[in-house]
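**Q** Structure: my_file39.cif, mmCIF, C-alpha atoms and all ligand atoms.
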```cif
data_entry
loop_
_atom_site.label_atom_id
_atom_site.label_comp_id
_atom_site.auth_asym_id
_atom_site.auth_seq_id
_atom_site.Cartn_x
_atom_site.Cartn_y
_atom_site.Cartn_z
CA MET A 1 -69.97 -9.42 19.43
CA ARG A 2 -69.04 -5.94 18.36
CA TRP A 3 -66.34 -5.99 21.08
CA ILE A 4 -64.85 -9.23 19.68
CA THR A 5 -64.66 -7.74 16.15
CA ILE A 6 -62.86 -4.63 17.40
CA SER A 7 -60.53 -6.76 19.49
CA SER A 8 -59.66 -9.12 16.63
CA LYS A 9 -59.07 -6.13 14.31
CA ARG A 10 -56.70 -4.68 16.89
CA THR A 11 -54.88 -8.04 17.20
CA THR A 12 -54.53 -8.34 13.44
CA PHE A 13 -53.22 -4.76 13.27
CA MET A 14 -50.71 -5.47 16.07
CA TYR A 15 -49.68 -8.68 14.35
CA PHE A 16 -48.95 -6.93 11.03
CA THR A 17 -47.17 -4.03 12.76
CA LEU A 18 -44.92 -6.51 14.54
CA LEU A 19 -44.22 -8.38 11.32
CA PHE A 20 -43.43 -5.12 9.55
CA LEU A 21 -41.08 -4.04 12.35
CA LEU A 22 -39.35 -7.39 12.22
CA TYR A 23 -38.90 -7.08 8.46
CA LEU A 24 -37.62 -3.50 8.80
CA LEU A 25 -35.01 -4.53 11.35
CA TYR A 26 -33.91 -7.44 9.21
CA VAL A 27 -33.44 -5.19 6.17
CA LEU A 28 -31.53 -2.65 8.26
CA ASN A 29 -29.34 -5.36 9.67
CA THR A 30 -28.46 -7.01 6.37
CA SER A 31 -27.83 -3.71 4.61
CA LEU A 32 -25.05 -2.95 7.11
CA VAL A 33 -23.09 -6.01 6.08
CA ASP A 34 -21.19 -6.33 2.81
CA LYS A 35 -21.73 -9.92 1.85
CA HIS A 36 -19.16 -9.90 -0.95
CA VAL A 37 -16.20 -10.42 1.31
CA ARG A 38 -17.94 -12.60 3.84
CA PRO A 39 -16.97 -16.26 3.62
CA VAL A 40 -19.90 -18.44 2.70
CA ASN A 41 -21.25 -19.89 5.90
CA ILE A 42 -24.64 -20.28 7.39
CA ALA A 43 -23.72 -18.58 10.66
CA GLY A 44 -23.84 -15.14 9.03
CA PRO A 45 -27.47 -15.12 7.85
CA ILE A 46 -28.59 -16.81 11.05
CA SER A 47 -26.94 -14.10 13.13
CA HIS A 48 -28.90 -11.44 11.19
CA TYR A 49 -32.17 -13.04 12.14
CA LYS A 50 -30.99 -13.44 15.70
CA SER A 51 -29.96 -9.83 16.14
CA ALA A 52 -33.10 -8.52 14.46
CA PHE A 53 -35.11 -10.65 16.84
CA PHE A 54 -33.20 -9.39 19.88
CA GLN A 55 -33.54 -5.80 18.74
CA LEU A 56 -37.26 -6.18 18.38
CA ALA A 57 -37.43 -7.81 21.79
CA ALA A 58 -35.42 -4.93 23.25
CA LEU A 59 -37.83 -2.46 21.68
CA LEU A 60 -40.62 -4.26 23.48
CA GLY A 61 -38.71 -3.92 26.72
CA LEU A 62 -37.60 -7.54 26.93
CA ASN A 63 -34.02 -8.67 27.42
CA LEU A 64 -33.78 -12.00 25.66
CA GLU A 65 -30.16 -11.80 24.68
CA GLN A 66 -28.93 -14.03 27.52
CA GLY A 67 -25.26 -13.82 26.71
CA TYR A 68 -25.59 -13.18 22.99
CA GLU A 69 -23.43 -10.32 21.85
CA TYR A 70 -25.26 -7.38 20.34
CA ARG A 71 -24.12 -7.51 16.73
CA ARG A 72 -26.07 -4.87 14.82
CA PHE A 73 -23.20 -2.60 13.78
CA GLU A 74 -20.55 -5.25 13.93
CA LYS A 75 -18.45 -5.78 10.82
CA ASN A 76 -17.51 -9.27 9.77
CA VAL A 77 -15.80 -11.01 12.64
CA THR A 78 -14.08 -13.71 10.67
CA PRO A 79 -10.85 -12.34 9.15
CA ILE A 80 -10.28 -13.69 5.67
CA LYS A 81 -7.34 -13.65 3.28
CA LYS A 82 -7.91 -11.70 0.10
CA LEU A 83 -5.84 -10.96 -2.96
CA PRO A 84 -4.32 -7.46 -2.68
CA ASP A 85 -6.47 -4.41 -3.29
CA ALA A 86 -3.35 -2.28 -3.70
CA LEU A 87 0.30 -2.90 -4.54
CA ILE A 88 3.51 -0.99 -4.04
CA ILE A 89 5.20 -1.96 -7.29
CA GLY A 90 8.49 -0.06 -6.91
CA VAL A 91 10.90 1.48 -7.34
CA LYS A 92 13.79 -0.35 -5.70
CA LYS A 93 15.70 1.82 -3.16
CA CYS A 94 13.24 4.69 -3.37
CA GLY A 95 11.59 4.26 0.05
CA THR A 96 9.14 1.41 -0.59
CA ARG A 97 9.70 -0.14 2.85
CA ALA A 98 9.23 3.18 4.59
CA LEU A 99 5.96 3.73 2.74
CA LEU A 100 4.65 0.30 3.64
CA GLU A 101 5.63 0.71 7.30
CA PHE A 102 3.93 4.11 7.40
CA LEU A 103 0.78 2.67 5.84
CA ARG A 104 0.69 -0.10 8.37
CA LEU A 105 -0.07 2.48 11.03
CA HIS A 106 -3.51 2.71 9.49
CA PRO A 107 -6.08 0.43 11.12
CA ASP A 108 -7.70 -0.24 7.74
CA VAL A 109 -4.53 -1.50 6.11
CA ARG A 110 -3.13 -5.00 6.41
CA ALA A 111 0.02 -5.85 4.50
CA ALA A 112 2.21 -8.85 3.88
CA GLY A 113 5.39 -8.33 5.92
CA SER A 114 7.95 -9.48 3.40
CA GLU A 115 8.13 -9.08 -0.35
CA VAL A 116 6.06 -11.81 -1.98
CA HIS A 117 7.53 -11.63 -5.53
CA PHE A 118 4.42 -13.22 -6.98
CA PHE A 119 4.23 -11.32 -10.28
CA ASP A 120 7.93 -11.73 -11.06
CA LYS A 121 9.07 -15.05 -9.57
CA TYR A 122 6.14 -17.11 -8.37
CA TYR A 123 3.34 -16.45 -10.83
CA HIS A 124 3.31 -20.13 -11.76
CA MET A 125 2.19 -20.93 -8.20
CA GLY A 126 -1.22 -19.45 -8.94
CA PHE A 127 -3.51 -16.91 -7.29
CA GLU A 128 -4.51 -19.25 -4.48
CA TRP A 129 -0.87 -19.49 -3.40
CA TYR A 130 -0.63 -15.72 -3.56
CA ARG A 131 -3.80 -15.23 -1.53
CA GLU A 132 -2.41 -17.53 1.17
CA LYS A 133 0.59 -15.20 1.56
CA MET A 134 -1.69 -12.33 2.50
CA PRO A 135 -2.59 -11.43 6.08
CA PRO A 136 -6.17 -12.05 7.17
CA THR A 137 -8.29 -8.93 6.89
CA LEU A 138 -11.57 -7.84 8.35
CA GLU A 139 -14.30 -6.30 6.26
CA GLY A 140 -13.40 -2.75 5.27
CA GLN A 141 -9.63 -3.31 5.57
CA ILE A 142 -7.47 -3.26 2.48
CA THR A 143 -4.87 -5.88 1.68
CA MET A 144 -1.47 -4.74 0.43
CA GLU A 145 1.86 -6.07 -0.64
CA LYS A 146 5.11 -4.48 -1.79
CA THR A 147 7.63 -5.94 -4.18
CA PRO A 148 9.77 -3.28 -5.89
CA SER A 149 10.86 -5.55 -8.75
CA TYR A 150 7.32 -5.56 -10.18
CA TRP A 151 8.11 -2.10 -11.57
CA VAL A 152 10.58 -3.50 -14.10
CA THR A 153 9.08 -6.94 -14.70
CA LYS A 154 7.82 -6.80 -18.25
CA SER A 155 5.00 -9.30 -17.72
CA ALA A 156 3.88 -7.78 -14.40
CA PRO A 157 1.33 -5.21 -15.72
CA LYS A 158 -0.52 -7.89 -17.68
CA ARG A 159 -0.46 -10.31 -14.76
CA VAL A 160 -1.57 -7.73 -12.23
CA TYR A 161 -4.38 -6.74 -14.57
CA ALA A 162 -5.44 -10.39 -14.81
CA MET A 163 -5.68 -10.51 -11.02
CA ASN A 164 -7.75 -7.37 -10.70
CA PRO A 165 -8.09 -4.60 -13.31
CA ALA A 166 -9.28 -2.23 -10.57
CA VAL A 167 -6.23 -2.73 -8.33
CA LYS A 168 -4.53 0.44 -7.06
CA LEU A 169 -0.83 0.82 -7.78
CA ILE A 170 1.79 2.89 -6.02
CA ALA A 171 5.34 3.60 -7.17
CA VAL A 172 7.80 5.56 -5.07
CA VAL A 173 10.37 7.46 -7.14
CA ARG A 174 13.40 9.47 -6.13
CA ASP A 175 16.32 11.27 -7.77
CA PRO A 176 17.82 8.53 -9.96
CA VAL A 177 21.39 9.52 -9.09
CA THR A 178 20.84 9.03 -5.34
CA ARG A 179 18.83 5.91 -6.13
CA ALA A 180 21.78 4.44 -8.08
CA ILE A 181 24.18 5.18 -5.22
CA SER A 182 21.76 3.63 -2.73
CA ASP A 183 21.48 0.52 -4.92
CA TYR A 184 25.27 0.25 -5.15
CA THR A 185 25.63 0.78 -1.38
CA GLN A 186 23.33 -2.15 -0.77
CA SER A 187 25.41 -4.42 -3.02
CA ALA A 188 28.65 -3.20 -1.43
CA SER A 189 27.30 -3.99 2.04
CA LYS A 190 26.80 -7.61 0.94
CA ARG A 191 30.06 -7.90 -0.98
CA PRO A 192 33.02 -6.36 0.82
CA GLY A 193 35.77 -5.38 -1.59
CA LEU A 194 33.37 -4.47 -4.39
CA PRO A 195 35.09 -2.02 -6.77
CA PRO A 196 34.04 1.60 -6.37
CA PHE A 197 30.78 2.97 -7.77
CA GLU A 198 32.62 5.03 -10.37
CA GLU A 199 34.04 1.93 -12.00
CA PHE A 200 30.59 0.52 -12.66
CA ALA A 201 28.78 3.70 -13.52
CA LEU A 202 31.18 4.72 -16.25
CA LEU A 203 32.28 2.70 -19.23
CA ASN A 204 35.89 1.58 -19.54
CA SER A 205 38.04 4.06 -21.39
CA SER A 206 35.28 6.47 -20.63
CA ILE A 207 37.14 9.69 -21.17
CA GLN A 208 35.87 10.68 -24.57
CA TRP A 209 35.40 13.91 -26.41
CA GLY A 210 37.78 15.92 -24.34
CA GLY A 211 36.96 14.67 -20.89
CA THR A 212 33.27 13.75 -20.94
CA TYR A 213 32.42 10.45 -19.38
CA SER A 214 30.18 7.89 -20.92
CA VAL A 215 27.64 6.37 -18.55
CA ASP A 216 27.06 2.63 -18.55
CA ALA A 217 23.30 2.57 -19.00
CA SER A 218 23.26 -1.22 -18.95
CA TRP A 219 24.47 -1.37 -15.31
CA PRO A 220 21.26 -2.16 -13.35
CA PRO A 221 21.70 0.58 -10.72
CA VAL A 222 21.90 3.11 -13.56
CA ARG A 223 19.27 1.49 -15.78
CA LEU A 224 16.67 1.34 -12.98
CA GLY A 225 16.72 5.14 -12.72
CA ILE A 226 15.26 5.51 -16.21
CA TYR A 227 11.69 5.66 -14.97
CA ALA A 228 9.89 6.61 -18.19
CA ARG A 229 10.19 3.19 -19.83
CA PRO A 230 8.59 0.98 -17.17
CA TYR A 231 6.10 3.74 -16.36
CA ARG A 232 4.89 3.74 -19.95
CA ARG A 233 4.54 -0.04 -19.81
CA TRP A 234 2.28 0.17 -16.73
CA LEU A 235 0.23 2.91 -18.37
CA ARG A 236 -0.55 0.64 -21.30
CA ARG A 237 -2.61 -1.50 -18.90
CA PHE A 238 -3.73 0.92 -16.21
CA PRO A 239 -5.06 4.48 -16.32
CA LYS A 240 -2.79 7.15 -14.88
CA SER A 241 -5.34 7.80 -12.14
CA ARG A 242 -4.79 4.25 -10.82
CA LEU A 243 -1.00 4.56 -10.49
CA LEU A 244 0.09 6.94 -7.78
CA LEU A 245 3.63 8.29 -7.90
CA VAL A 246 4.97 8.96 -4.43
CA ASN A 247 7.80 11.45 -4.11
CA GLY A 248 10.63 9.63 -2.31
CA GLU A 249 12.32 12.87 -1.23
CA ARG A 250 9.09 14.23 0.26
CA LEU A 251 8.50 10.94 2.01
CA VAL A 252 11.65 11.76 3.99
CA ALA A 253 11.26 15.54 4.28
CA ASP A 254 7.53 15.62 5.04
CA PRO A 255 6.17 12.10 5.49
CA ALA A 256 2.79 13.23 6.84
CA ALA A 257 2.06 15.34 3.75
CA GLU A 258 2.93 12.50 1.41
CA MET A 259 0.83 10.11 3.47
CA VAL A 260 -2.20 12.36 3.01
CA ARG A 261 -1.89 11.82 -0.74
CA VAL A 262 -1.48 8.08 -0.30
CA GLN A 263 -4.43 7.73 2.08
CA ASP A 264 -6.66 9.76 -0.24
CA PHE A 265 -5.60 7.67 -3.19
CA LEU A 266 -6.41 4.44 -1.34
CA GLY A 267 -9.75 5.82 -0.21
CA LEU A 268 -8.69 5.66 3.44
CA LYS A 269 -9.66 8.00 6.23
CA ARG A 270 -6.79 10.41 6.94
CA ILE A 271 -5.56 8.79 10.13
CA ILE A 272 -1.79 8.90 9.62
CA THR A 273 -0.74 12.45 10.43
CA ASP A 274 2.33 14.37 11.59
CA LYS A 275 1.60 13.08 15.10
CA HIS A 276 2.88 9.70 13.95
CA PHE A 277 6.34 10.93 12.94
CA TYR A 278 9.40 12.43 14.54
CA PHE A 279 12.78 13.16 13.05
CA ASN A 280 15.50 10.97 14.52
CA SER A 281 18.75 12.90 14.13
CA THR A 282 20.93 9.85 14.78
CA LYS A 283 19.23 7.94 12.00
CA GLY A 284 18.86 11.04 9.84
CA PHE A 285 15.37 9.96 8.84
CA PRO A 286 11.83 10.26 10.09
CA CYS A 287 10.88 7.49 12.48
CA LEU A 288 7.48 6.39 13.70
CA LEU A 289 5.46 6.90 16.81
CA LYS A 290 3.40 3.77 16.58
CA SER A 291 0.42 5.05 18.51
CA GLU A 292 -0.83 8.56 19.17
CA THR A 293 -1.93 7.83 22.71
CA LYS A 294 0.96 5.60 23.81
CA PRO A 295 3.75 6.60 21.44
CA ILE A 296 6.29 3.85 20.86
CA PRO A 297 9.24 5.15 18.81
CA HIS A 298 10.22 2.93 15.93
CA CYS A 299 12.81 3.50 13.20
CA LEU A 300 13.33 1.36 10.13
CA GLY A 301 16.12 -1.21 10.43
CA LYS A 302 19.83 -0.81 9.74
CA THR A 303 19.45 -1.74 6.07
CA LYS A 304 17.34 1.38 5.51
CA GLY A 305 19.14 4.68 5.65
CA ARG A 306 22.68 3.43 5.12
CA ASN A 307 25.62 5.81 4.88
CA HIS A 308 26.50 6.28 1.23
CA PRO A 309 30.12 6.36 0.05
CA ARG A 310 31.51 9.64 -1.23
CA ILE A 311 31.28 9.66 -5.00
CA ASN A 312 33.52 11.71 -7.25
CA GLN A 313 31.64 14.94 -8.09
CA SER A 314 32.46 14.76 -11.80
CA VAL A 315 30.82 11.33 -11.96
CA ILE A 316 27.73 12.66 -10.20
CA ASP A 317 27.58 15.54 -12.66
CA ARG A 318 27.88 13.18 -15.58
CA LEU A 319 25.07 11.01 -14.23
CA LYS A 320 22.85 14.06 -13.75
CA GLU A 321 23.46 15.01 -17.33
CA PHE A 322 22.72 11.48 -18.44
CA TYR A 323 19.39 11.36 -16.61
CA LYS A 324 18.20 14.82 -17.68
CA PRO A 325 16.38 13.78 -20.90
CA HIS A 326 15.01 10.64 -19.24
CA ASN A 327 13.69 12.67 -16.31
CA GLN A 328 12.10 15.19 -18.70
CA LYS A 329 10.35 12.32 -20.49
CA PHE A 330 9.12 10.98 -17.18
CA TYR A 331 7.84 14.42 -16.06
CA GLN A 332 6.07 14.76 -19.39
CA LEU A 333 4.43 11.35 -19.19
CA SER A 334 3.40 11.65 -15.56
CA GLY A 335 2.52 15.33 -15.58
CA VAL A 336 4.62 15.77 -12.42
CA ASN A 337 7.84 17.75 -12.26
CA PHE A 338 9.94 16.15 -9.54
CA SER A 339 12.66 18.81 -9.99
CA TRP A 340 15.54 16.39 -9.67
CA PRO A 341 18.78 18.33 -10.10
N1 LIG B 401 11.99 6.82 7.24
C1 LIG B 401 12.97 6.22 6.58
N2 LIG B 401 13.90 5.49 7.22
C2 LIG B 401 14.89 4.88 6.54
N3 LIG B 401 15.03 4.94 5.19
C3 LIG B 401 14.13 5.66 4.52
C4 LIG B 401 13.06 6.32 5.16
N4 LIG B 401 12.34 6.96 4.23
C5 LIG B 401 12.91 6.71 3.07
N5 LIG B 401 13.99 5.93 3.21
C6 LIG B 401 14.86 5.51 2.12
O1 LIG B 401 14.47 4.20 1.74
C7 LIG B 401 15.60 3.66 1.05
C8 LIG B 401 15.40 2.20 0.88
O2 LIG B 401 14.41 2.05 -0.09
P1 LIG B 401 13.51 0.77 -0.21
O3 LIG B 401 12.86 0.47 1.08
O4 LIG B 401 12.62 0.95 -1.37
O5 LIG B 401 14.61 -0.33 -0.51
S1 LIG B 401 14.34 -1.80 -1.11
O6 LIG B 401 14.18 -1.65 -2.55
O7 LIG B 401 13.18 -2.38 -0.45
O8 LIG B 401 15.60 -2.52 -0.79
C9 LIG B 401 16.73 4.07 1.91
O9 LIG B 401 17.88 4.09 1.11
P2 LIG B 401 19.35 4.19 1.74
O10 LIG B 401 19.44 5.55 2.35
O11 LIG B 401 20.31 4.03 0.63
O12 LIG B 401 19.49 3.08 2.75
C10 LIG B 401 16.34 5.43 2.45
O13 LIG B 401 16.98 6.47 1.76
#
```
Let me see the structure of the file written as structure tokens.

**A**
Amino acid sequence: MRWITISSKRTTFMYFTLLFLLYLLYVLNTSLVDKHVRPVNIAGPISHYKSAFFQLAALLGLNLEQGYEYRRFEKNVTPIKKLPDALIIGVKKCGTRALLEFLRLHPDVRAAGSEVHFFDKYYHMGFEWYREKMPPTLEGQITMEKTPSYWVTKSAPKRVYAMNPAVKLIAVVRDPVTRAISDYTQSASKRPGLPPFEEFALLNSSIQWGGTYSVDASWPPVRLGIYARPYRRWLRRFPKSRLLLVNGERLVADPAAEMVRVQDFLGLKRIITDKHFYFNSTKGFPCLLKSETKPIPHCLGKTKGRNHPRINQSVIDRLKEFYKPHNQKFYQLSGVNFSWP
């Protein structure tokens, strides 16, 4: 009789220990999965129970998996399309494509290949349309998109904020004089016979006040180099800490260093390093080694890194003078001195 009591106590104890272990494994299993980004489906919760059960069985020395994959540390296996977590909002001709291509080396970044133009052209299509344009991402990966015209779209800050007030923003900036020439070079490549840069940059009858030229600030390639105005507009909606300014010149001279800043800002592990870049002297720009182990060289296409026409030095000097106060304003607002000449 006494033996039966002891035996049943032991069984009850074993029973509760097993239940406790099962519970513990279930909690451990579910805590490793972020349910927020998981699509709603019953397969997820069921798989937690399954794996907890198999783990418990394994602890007891039994192999009951019979072809089931061991899923304890597995992240979500169903890629889903999300609205962007981060955006490259500009600036046109400052190296936005290069930045996106560099970021794509990171395994935790997925980006839309082409410019989506949602916040400037297609906002009326709605967020669901926008989400569909995004690549599928796994849990832990961030979704990105780049459209440089967002920088100067007046309604963009408000619209982006409506999508996600916690979104991270990146703007690449470069010396506005070189940026203007780059912008013109792009137009000239599409329209052979376009009058020279100087004719657009300076106003007609521009020799005033004993030889000083007057800059045409309404010409888009010139106007776009006044960074302070759009920057201030973005700062009305987003804190400075959420808008990273990438130095376009450094992105060419030392891409790895600039990518450290970008990865830190996006909360990514520092995976993109100097091992991913080499300087291609024919192209005159850094190109990519797509994988550290099996390096595949890759340069940006022909439309990136074009030869610029030679511009009259006096026009360049006049543009530099023109931009000086605007640059100072921008340095003041951003707290960064880009030292553009
Ligand atoms: N690694 C690398 N390879 C090639 N080009 C590079 C690179 N890094 C920065 N850049 C500079 O990027 C300029 C084009 O800028 P964007 O990509 O922002 O142009 S666009 O607005 O998307 O049209 C492009 O301008 P151009 O030189 O006038 O072609 C380049 O100066």

**Q** Just want the residues within 6 Å of ligand LIG 401 (chain B), written as a PyMOL selection string, counting all atoms listed in the file.

**A** chain A and resi 92-98+148+182+251-252+285-287+300+303-306

**Q** Leaving out segment 124-139 of chain A and any residue of its chain fewer than 6 positions from it, which residues lie within 6 Å of it when counting all atoms listed in the file, given as a PyMOL selection string?

**A** chain A and resi 76+79-83+112

**Q** With C-alpha atoms retained, export the selected residues as a short mmCIF file (atom, residue, chain, number, x, y, z; two decimals), in the frame of the given file.

**A**
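What ended up in result26.cif:
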```
data_model
loop_
_atom_site.label_atom_id
_atom_site.label_comp_id
_atom_site.auth_asym_id
_atom_site.auth_seq_id
_atom_site.Cartn_x
_atom_site.Cartn_y
_atom_site.Cartn_z
CA ASN A 76 -17.51 -9.27 9.77
CA PRO A 79 -10.85 -12.34 9.15
CA ILE A 80 -10.28 -13.69 5.67
CA LYS A 81 -7.34 -13.65 3.28
CA LYS A 82 -7.91 -11.70 0.10
CA LEU A 83 -5.84 -10.96 -2.96
CA ALA A 112 2.21 -8.85 3.88
#
```

**Q** What does the distance from atom CA of Ser334 of chain A to atom CA of Leu100 of chain A come to in Å, to one decimal?

**A** 22.3 Å

**Q** Hey, can you check how far atom CA of Ser281 of chain A sits from atom CA of Gly248 of chain A?

**A**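 The value is 18.6 Å.
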
**Q** If we draw a sphere of 12 Å around (6.9, 6.0, -0.6), which residues have at least one atom in it when counting only C-alpha atoms? Please report them as number ranges by chain.

**A** A: 87-103, 146, 148, 169-174, 244-263

**Q** Skip Ser291 of chain A itself and residues of its chain fewer than 3 positions away, then list as an mmCIF file with C-alpha atoms, in the frame of the given file all residues within 9 Å of it, counting all atoms listed in the file.

**A**
```cif
data_model
loop_
_atom_site.group_PDB
_atom_site.id
_atom_site.type_symbol
_atom_site.label_atom_id
_atom_site.label_comp_id
_atom_site.auth_asym_id
_atom_site.auth_seq_id
_atom_site.Cartn_x
_atom_site.Cartn_y
_atom_site.Cartn_z
ATOM 1 C CA LEU A 105 -0.070 2.480 11.030
ATOM 2 C CA LYS A 275 1.600 13.080 15.100
ATOM 3 C CA HIS A 276 2.880 9.700 13.950
ATOM 4 C CA LEU A 288 7.480 6.390 13.700
ATOM 5 C CA LYS A 294 0.960 5.600 23.810
ATOM 6 C CA PRO A 295 3.750 6.600 21.440
ATOM 7 C CA ILE A 296 6.290 3.850 20.860
ATOM 8 C CA PRO A 297 9.240 5.150 18.810
#
```
